[in-house]
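Only one structure is covered here, and it is reproduced in the block below.
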Amino acid sequence: MARARDFTAAGIAPIYLKRLTQEGRLVRLGRGLYQLADAELAATHSLAETARVVPHGVICLLSALQFHELTTQTPHEVWVMIGLRKWAPTKPPVRLRIVRATGESLTAGVEHHTIEGVAVPVYEPAKTVADCFKYRSKVGLDVAIEALRDCRRRRLCTVDRLWHFARICRVQNVMRPYMEALL
């Protein structure tokens, strides 16, 4: 998967992209986004597409929970966190749900995973759980509690790491009763 600007940087003229698409060797996924026609698609293909379309975004909330296998929810769109004043695509090839944040709440806890040759930034499990409590009005309190329970049961993070991100997301008082009930 590559953007049109990647081909241009490699010295391939845009006319060749059009010809390869007409011949069936390339598939146009969206505006400026191309993929080989015979490429095998992974279950996380939409995350790779999103990383290409929104290079300054980080996969978050329900999409990150699904990536870390911490939820039974199946999101119908890819949840992406971007900066407060950053550009959001208007017609992306995948359905996006944009969440905005600033400072350490945006930059802390980012892991980079390679999916289909694309570096995809995803929040680590502890940060994702803290974000679920922060944005509980968007994802639901039941989802946040389920994520916290599964994260602790599978030992994906320590209690100290959860408290660290709860402090960053300013949800210590919200998470405290649920943490005490689990411990």
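Numbering starts fresh at 1 for the residues of each chain in the structure tokens, the chains themselves are lettered A, B, ... in the order given, and ligands are numbered from 1 as they appear.
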May I have a table of the residues of range 103-173 of chain A lying at most 9 Å from range 45-66 of chain A, giving each one's closest pair of atoms and their distance in Å to one decimal, counting only C-alpha atoms, ordered by chain and ascending residue number, as a tab-separated table?
residue	atom	partner	partner_atom	distance
A:Leu106	CA	A:Val58	CA	8.3
A:Thr107	CA	A:Val58	CA	8.8
A:Val110	CA	A:Val58	CA	7.5
A:Thr114	CA	A:Ala48	CA	8.4
A:Ile115	CA	A:Ala48	CA	5.9
A:Glu116	CA	A:Ala48	CA	6.9
A:Gly117	CA	A:Ala48	CA	8.4
A:Val118	CA	A:Ala48	CA	6.0
A:Ala119	CA	A:Ala51	CA	7.3
A:Val120	CA	A:Ala51	CA	5.5
A:Pro121	CA	A:Val58	CA	5.1
A:Val122	CA	A:Ile59	CA	4.6
A:Tyr123	CA	A:Cys60	CA	6.0
A:Glu124	CA	A:Ala64	CA	7.9
A:Pro125	CA	A:Leu65	CA	7.3
A:Lys127	CA	A:Cys60	CA	8.9
A:Thr128	CA	A:Leu61	CA	5.8
A:Val129	CA	A:Leu61	CA	7.8
A:Asp131	CA	A:Leu61	CA	6.5
A:Cys132	CA	A:Leu61	CA	5.9
A:Tyr135	CA	A:Leu61	CA	8.3
A:Val139	CA	A:Leu62	CA	7.4
A:Val143	CA	A:Leu62	CA	8.6
A:Ala147	CA	A:Leu65	CA	7.3
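The residues of range 46-167 of chain A that DSSP classifies as strand (DSSP E), using the backbone of this structure, are Val58, Ile59, Val78, Trp79, Val80, Met81, Ile82, Gly83, Leu96, Arg97, Ile98, Val99, Arg100, Ala101, Val110, Glu111, His112, His113, Thr114, Ile115, Val118, Ala119, Val120, Pro121, Val122 and Tyr123 of chain A.
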Range 79-145 of chain A near range 18-33 of chain A within 10 Å: what's each residue's closest atom pair and its distance in Å to one decimal, counting only C-alpha atoms, ordered by chain then ascending residue number, as a tab-separated table?
residue	atom	partner	partner_atom	distance
A:Lys91	CA	A:Arg31	CA	8.0
A:Pro92	CA	A:Gly30	CA	6.6
A:Pro93	CA	A:Gly30	CA	4.8
A:Val94	CA	A:Gly30	CA	8.5
Take the residues just selected and output them with C-alpha atoms as a PDB file, in the first residue's frame.
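The resulting again.pdb:
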ATOM      1  CA  LYS A  91     -13.305  11.643   2.097  1.00  0.00           C
ATOM      2  CA  PRO A  92     -11.127   8.802   3.413  1.00  0.00           C
ATOM      3  CA  PRO A  93     -11.304   5.278   1.913  1.00  0.00           C
ATOM      4  CA  VAL A  94     -12.340   3.895   5.337  1.00  0.00           C
TER       5      VAL A  94
END
Check your understanding: How many Å separate CA of Ala39 in chain A from CA of Met1 in chain A?
Key -> 8.9 Å
